[in-house]
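Engineer: Structure: query_7.csv, CSV, C-alpha atoms and all ligand atoms.
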chain,number,residue,atom,x,y,z
A,1,MET,CA,4.8,-21.5,4.4
A,2,THR,CA,6.2,-18.4,6.0
A,3,MET,CA,4.2,-16.0,8.1
A,4,VAL,CA,5.5,-12.5,8.2
A,5,PRO,CA,4.9,-10.8,11.6
A,6,GLY,CA,6.2,-7.3,12.6
A,7,ASN,CA,5.5,-3.8,11.8
A,8,TRP,CA,6.2,-3.9,8.1
A,9,TYR,CA,3.2,-4.7,5.9
A,10,ALA,CA,3.2,-5.4,2.2
A,11,VAL,CA,0.6,-3.1,0.7
A,12,ALA,CA,1.2,-3.6,-3.0
A,13,ALA,CA,3.2,-5.6,-5.5
A,14,GLU,CA,5.7,-3.6,-7.5
A,15,HIS,CA,3.9,-4.4,-10.7
A,16,ASP,CA,0.8,-2.7,-9.3
A,17,VAL,CA,2.6,0.7,-9.4
A,18,PRO,CA,4.5,1.3,-12.6
A,19,ALA,CA,6.3,4.6,-13.1
A,20,GLY,CA,3.9,7.6,-13.3
A,21,HIS,CA,1.0,5.7,-11.7
A,22,ILE,CA,-0.9,6.1,-8.4
A,23,TYR,CA,-2.3,3.0,-6.6
A,24,ARG,CA,-4.9,3.4,-4.0
A,25,THR,CA,-5.1,1.1,-1.0
A,26,ALA,CA,-5.5,1.1,2.8
A,27,LEU,CA,-3.9,-0.3,5.9
A,28,GLY,CA,-5.5,-0.7,9.3
A,29,GLY,CA,-7.9,-2.7,11.5
A,30,ASN,CA,-6.5,-5.1,14.1
A,31,ASP,CA,-7.3,-2.5,16.7
A,32,GLN,CA,-5.7,0.3,14.6
A,33,ALA,CA,-7.4,3.1,12.8
A,34,ILE,CA,-7.6,2.4,9.1
A,35,ARG,CA,-5.5,4.7,6.9
A,36,GLU,CA,-6.1,5.2,3.3
A,37,LEU,CA,-2.9,5.3,1.3
A,38,ALA,CA,-1.8,6.6,-2.1
A,39,ILE,CA,1.2,4.7,-3.4
A,40,TRP,CA,2.9,6.3,-6.4
A,41,ARG,CA,6.1,5.9,-8.4
A,42,ALA,CA,8.1,8.8,-9.7
A,43,SER,CA,9.6,8.9,-13.2
A,44,ASP,CA,13.0,8.0,-11.6
A,45,GLY,CA,11.5,4.8,-10.2
A,46,ALA,CA,11.3,5.9,-6.6
A,47,VAL,CA,8.2,4.6,-4.7
A,48,GLN,CA,6.3,6.8,-2.3
A,49,VAL,CA,3.6,5.8,0.2
A,50,TRP,CA,1.5,8.7,1.4
A,51,GLU,CA,-1.7,9.1,3.4
A,52,ASP,CA,-4.3,9.6,0.7
A,53,ARG,CA,-5.3,13.1,1.7
A,54,CYS,CA,-4.0,16.4,0.4
A,55,PRO,CA,-3.0,18.8,3.3
A,56,HIS,CA,-4.8,21.6,1.6
A,57,ARG,CA,-8.5,20.6,1.4
A,58,GLY,CA,-8.2,16.9,2.0
A,59,VAL,CA,-8.9,15.7,-1.6
A,60,ARG,CA,-7.5,12.2,-2.3
A,61,PHE,CA,-4.0,12.2,-3.7
A,62,SER,CA,-5.0,9.1,-5.6
A,63,LEU,CA,-7.2,11.3,-7.8
A,64,GLY,CA,-4.1,13.3,-8.8
A,65,GLU,CA,-1.4,12.9,-11.3
A,66,VAL,CA,2.3,12.1,-11.3
A,67,VAL,CA,4.3,14.7,-13.1
A,68,GLY,CA,7.9,13.7,-13.4
A,69,ASP,CA,9.1,13.2,-9.9
A,70,GLU,CA,6.2,15.1,-8.3
A,71,LEU,CA,2.6,14.4,-7.5
A,72,ARG,CA,0.1,17.0,-8.5
A,73,CYS,CA,-3.2,17.2,-6.5
A,74,GLN,CA,-6.3,17.0,-8.7
A,75,TYR,CA,-8.2,19.9,-7.0
A,76,HIS,CA,-6.0,23.0,-6.9
A,77,ALA,CA,-2.9,21.5,-8.6
A,78,TRP,CA,-0.5,22.0,-5.7
A,79,ARG,CA,2.6,20.0,-6.4
A,80,PHE,CA,4.4,17.8,-3.9
A,81,ALA,CA,7.9,16.3,-4.1
A,82,LYS,CA,9.2,12.9,-3.0
A,83,GLY,CA,9.2,12.9,0.7
A,84,GLY,CA,6.0,15.0,0.8
A,85,ALA,CA,7.1,18.7,0.7
A,86,CYS,CA,4.8,21.0,-1.2
A,87,THR,CA,6.9,22.7,-4.0
A,88,PHE,CA,4.4,24.8,-5.9
A,89,ILE,CA,1.1,26.5,-5.4
A,90,PRO,CA,-0.3,27.7,-8.8
A,91,ALA,CA,-2.5,30.4,-7.3
A,92,GLN,CA,0.6,32.0,-5.7
A,93,PRO,CA,3.3,31.1,-8.2
A,94,ASP,CA,5.9,33.6,-6.8
A,95,MET,CA,5.5,32.5,-3.2
A,96,LYS,CA,8.1,30.4,-1.5
A,97,VAL,CA,6.0,27.5,-0.2
A,98,PRO,CA,6.2,27.2,3.6
A,99,GLY,CA,7.9,24.0,4.8
A,100,SER,CA,5.0,23.3,7.0
A,101,ILE,CA,2.9,22.3,4.0
A,102,HIS,CA,3.6,18.7,3.7
A,103,ALA,CA,2.0,15.4,2.6
A,104,LYS,CA,2.1,12.7,5.2
A,105,ALA,CA,4.7,10.3,3.8
A,106,TRP,CA,5.0,6.8,5.3
A,107,PRO,CA,8.1,4.7,5.6
A,108,VAL,CA,8.6,2.7,2.4
A,109,ALA,CA,10.8,-0.2,1.4
A,110,VAL,CA,10.8,-2.4,-1.7
A,111,SER,CA,11.8,-6.0,-1.4
A,112,ALA,CA,11.1,-9.2,-3.3
A,113,GLY,CA,8.7,-7.4,-5.6
A,114,LEU,CA,6.6,-6.1,-2.8
A,115,ILE,CA,6.1,-2.5,-1.5
A,116,TRP,CA,6.2,-2.4,2.3
A,117,THR,CA,5.1,0.2,4.8
A,118,GLY,CA,3.9,0.5,8.3
A,119,VAL,CA,3.0,3.0,11.1
A,120,ASP,CA,6.3,2.5,13.0
A,121,PRO,CA,8.3,-0.2,11.3
A,122,VAL,CA,11.5,-1.5,12.8
A,123,GLY,CA,14.6,-2.5,10.9
A,124,GLU,CA,14.2,-3.9,7.4
A,125,PRO,CA,11.2,-5.6,5.9
A,126,PRO,CA,11.4,-9.4,5.6
A,127,VAL,CA,13.0,-10.8,2.4
A,128,LEU,CA,10.6,-13.6,1.2
A,129,GLY,CA,12.1,-14.7,-2.1
A,130,GLU,CA,13.5,-12.4,-4.7
A,131,GLY,CA,12.1,-13.0,-8.2
A,132,ALA,CA,9.2,-15.1,-7.1
A,133,ALA,CA,5.8,-14.6,-8.8
A,134,ILE,CA,3.3,-12.8,-6.6
A,135,ARG,CA,-0.4,-13.8,-6.2
A,136,ALA,CA,-2.9,-11.9,-4.2
A,137,VAL,CA,-6.5,-12.6,-3.0
A,138,PRO,CA,-8.8,-10.4,-0.9
A,139,VAL,CA,-10.6,-12.3,1.9
A,140,ALA,CA,-13.6,-10.8,3.6
A,141,ARG,CA,-12.5,-11.7,7.1
A,142,PRO,CA,-10.4,-9.8,9.7
A,143,LEU,CA,-6.7,-10.3,10.0
A,144,ALA,CA,-6.8,-12.4,13.2
A,145,GLU,CA,-9.1,-15.0,11.7
A,146,VAL,CA,-6.9,-15.2,8.6
A,147,GLU,CA,-3.8,-15.6,10.7
A,148,THR,CA,-5.5,-18.4,12.6
A,149,ALA,CA,-6.6,-20.2,9.5
A,150,LEU,CA,-3.1,-19.9,7.9
A,151,ALA,CA,-1.5,-21.3,11.0
A,152,GLN,CA,-3.4,-24.5,10.4
A,153,ALA,CA,-3.3,-24.5,6.6
A,154,ASP,CA,-1.0,-26.6,4.4
A,155,LEU,CA,0.3,-24.2,1.6
A,156,PRO,CA,3.6,-25.6,0.5
A,157,GLY,CA,5.7,-23.4,-1.8
A,158,LEU,CA,4.0,-20.2,-0.7
A,159,ALA,CA,5.5,-17.4,1.5
A,160,LEU,CA,2.6,-15.3,2.7
A,161,THR,CA,2.1,-11.7,3.8
A,162,LEU,CA,-1.2,-10.2,5.1
A,163,GLN,CA,-2.5,-6.7,4.7
A,164,PRO,CA,-5.4,-5.8,7.0
A,165,LEU,CA,-8.0,-3.6,5.3
A,166,GLY,CA,-10.1,-2.6,8.2
A,167,ASP,CA,-12.0,-5.0,10.5
A,168,THR,CA,-13.6,-7.1,7.8
A,169,GLU,CA,-11.1,-7.6,5.0
A,170,THR,CA,-7.6,-8.8,4.6
A,171,ILE,CA,-5.5,-9.2,1.5
A,172,VAL,CA,-3.4,-12.3,1.4
A,173,ARG,CA,-0.3,-12.2,-0.9
A,174,GLY,CA,1.7,-15.2,-1.7
A,175,LEU,CA,5.1,-15.4,-3.2
A,176,VAL,CA,5.3,-18.5,-5.3
A,177,ALA,CA,8.6,-20.2,-4.5
A,178,ASN,CA,8.2,-23.2,-6.7
A,179,GLY,CA,6.9,-21.4,-9.8
A,180,ASP,CA,3.6,-23.2,-9.8
A,181,CYS,CA,1.3,-20.2,-10.0
A,182,ALA,CA,-1.8,-22.2,-11.0
A,183,ALA,CA,-1.5,-24.3,-7.8
A,184,ALA,CA,-0.9,-21.2,-5.8
A,185,ASP,CA,-4.1,-19.6,-7.3
A,186,ARG,CA,-6.1,-22.7,-6.4
A,187,ALA,CA,-4.7,-22.9,-2.9
A,188,LEU,CA,-5.5,-19.2,-2.2
A,189,ALA,CA,-9.0,-19.5,-3.7
A,190,ALA,CA,-9.7,-22.5,-1.5
A,191,LEU,CA,-8.4,-20.6,1.5
A,192,ARG,CA,-10.8,-17.7,0.7
A,193,ARG,CA,-13.8,-20.0,0.3
A,194,GLN,CA,-13.0,-21.8,3.5
A,195,LEU,CA,-12.8,-18.5,5.5
A,196,GLU,CA,-15.7,-16.8,3.9
A,197,CYS,CA,-18.0,-19.8,4.2
A,198,VAL,CA,-17.6,-20.0,7.9
A,199,ALA,CA,-18.4,-16.3,8.3
A,201,LIG,S1,-7.0,20.0,-2.1
A,201,LIG,FE1,-5.1,19.5,-2.9
A,201,LIG,S2,-4.4,21.3,-3.8
A,201,LIG,FE2,-6.3,21.9,-2.9
Translate the structure of the given file into structure tokens.
Ligand code: FES

Structural biologist:
Amino acid sequence: MTMVPGNWYAVAAEHDVPAGHIYRTALGGNDQAIRELAIWRASDGAVQVWEDRCPHRGVRFSLGEVVGDELRCQYHAWRFAKGGACTFIPAQPDMKVPGSIHAKAWPVAVSAGLIWTGVDPVGEPPVLGEGAAIRAVPVARPLAEVETALAQADLPGLALTLQPLGDTETIVRGLVANGDCAAADRALAALRRQLECVA
């Protein structure tokens, strides 16, 4: 079993975000404010992790639509390019959009089938096992309790990452090094029962 500390957090599997799709999730807790995130993939395959809030009126980007290599907000159809710059405002089609209009884009890295981000990550995200199958289970317990349980657990063949979702929920993702996905599913389900039963 491999714990993954540091400022990079896996917030989705690559297969959660095919080209042209937006995936809604969050990151936070553990004494940090929770941030809602919109993860989207442009038609050229590039992945973006943005705060899920349009800078215009605050509507969730995750309600919008990917159009080619841009994301279009659902409310007033402003368009935003990779990196977050607003490129087009339909109500003022001839206006050069000020550079100050910008989605909040987070650092992003893709590694071992996982999409990683963080508030202030350092270096590169960990490499846990290229090509391994990925399993995920939500656990209704805070990050610290899950970390403590995992430190005492015997989960052979699984490299684990944790995504805190506020103060009461954590997503546990396991990369299955030995290919035995059924065993991994059973182990993660047992871990979840153990943690939630003692709550
Ligand atoms: S709220 Fe997004 S374009 Fe207006």

Engineer: Excluding segment 147-157 of chain A and any residue of its chain fewer than 4 positions from it, enumerate the residues within 8 Å of it, using all atoms listed in the file, and give them as a compact mmCIF listing (two decimals) with C-alpha atoms, in the coordinates of the input.

Structural biologist:
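What landed in out-v5.txt:
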# COMPACT_ATOMS: atom_id res chain seq x y z
CA MET A 1 4.80 -21.50 4.40
CA LEU A 143 -6.70 -10.30 10.00
CA VAL A 176 5.30 -18.50 -5.30
CA ALA A 177 8.60 -20.20 -4.50
CA ASN A 178 8.20 -23.20 -6.70
CA ALA A 187 -4.70 -22.90 -2.90
CA LEU A 195 -12.80 -18.50 5.50

Engineer: Please extract the residues at most 12 Å from ligand LIG 201 (chain A), counting only C-alpha atoms and all ligand atoms, and provide them as a PyMOL selection string, using the chain letters and residue numbers of this document.

Structural biologist: chain A and resi 52-65+71-80+86-92+101-103

Engineer: How would the residues just chosen look if you wrote them out with C-alpha atoms as a tab-separated table (two decimals), keeping the file's coordinate frame?

Structural biologist:
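As written to disk, out04.tsv reads:
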chain	number	residue	atom	x	y	z
A	52	ASP	CA	-4.30	9.60	0.70
A	53	ARG	CA	-5.30	13.10	1.70
A	54	CYS	CA	-4.00	16.40	0.40
A	55	PRO	CA	-3.00	18.80	3.30
A	56	HIS	CA	-4.80	21.60	1.60
A	57	ARG	CA	-8.50	20.60	1.40
A	58	GLY	CA	-8.20	16.90	2.00
A	59	VAL	CA	-8.90	15.70	-1.60
A	60	ARG	CA	-7.50	12.20	-2.30
A	61	PHE	CA	-4.00	12.20	-3.70
A	62	SER	CA	-5.00	9.10	-5.60
A	63	LEU	CA	-7.20	11.30	-7.80
A	64	GLY	CA	-4.10	13.30	-8.80
A	65	GLU	CA	-1.40	12.90	-11.30
A	71	LEU	CA	2.60	14.40	-7.50
A	72	ARG	CA	0.10	17.00	-8.50
A	73	CYS	CA	-3.20	17.20	-6.50
A	74	GLN	CA	-6.30	17.00	-8.70
A	75	TYR	CA	-8.20	19.90	-7.00
A	76	HIS	CA	-6.00	23.00	-6.90
A	77	ALA	CA	-2.90	21.50	-8.60
A	78	TRP	CA	-0.50	22.00	-5.70
A	79	ARG	CA	2.60	20.00	-6.40
A	80	PHE	CA	4.40	17.80	-3.90
A	86	CYS	CA	4.80	21.00	-1.20
A	87	THR	CA	6.90	22.70	-4.00
A	88	PHE	CA	4.40	24.80	-5.90
A	89	ILE	CA	1.10	26.50	-5.40
A	90	PRO	CA	-0.30	27.70	-8.80
A	91	ALA	CA	-2.50	30.40	-7.30
A	92	GLN	CA	0.60	32.00	-5.70
A	101	ILE	CA	2.90	22.30	4.00
A	102	HIS	CA	3.60	18.70	3.70
A	103	ALA	CA	2.00	15.40	2.60

Engineer: Hey, which of A:Gly84, A:Gly129, A:Gly179, A:Pro107 ends up closest to Ala159 of chain A? Count all atoms listed in the file.

Structural biologist: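 With all atoms listed in the file as the atom set, the closest residue is A:Gly129.
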
Engineer: Would you please work out which residue, of A:Leu128, A:Ile134, A:Cys181, A:Val66, is nearest to Glu14 of chain A when using all atoms listed in the file?

Structural biologist: A:Ile134

Engineer: Would you mind telling me which residue in A:Ala189, A:Leu158, A:Val108, A:Ala182 lies nearest to Pro138 of chain A when using only C-alpha atoms?

Structural biologist: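 Ranking A:Ala189, A:Leu158, A:Val108, A:Ala182 by distance to Pro138 of chain A, first place goes to A:Ala189.
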
Engineer: Name the residues in contact with Glu196 of chain A at a cut-off of 9 Å, using all atoms listed in the file, excluding same-chain residues fewer than 5 positions from it; report them as a PyMOL selection string.

Structural biologist: chain A and resi 139-141+191
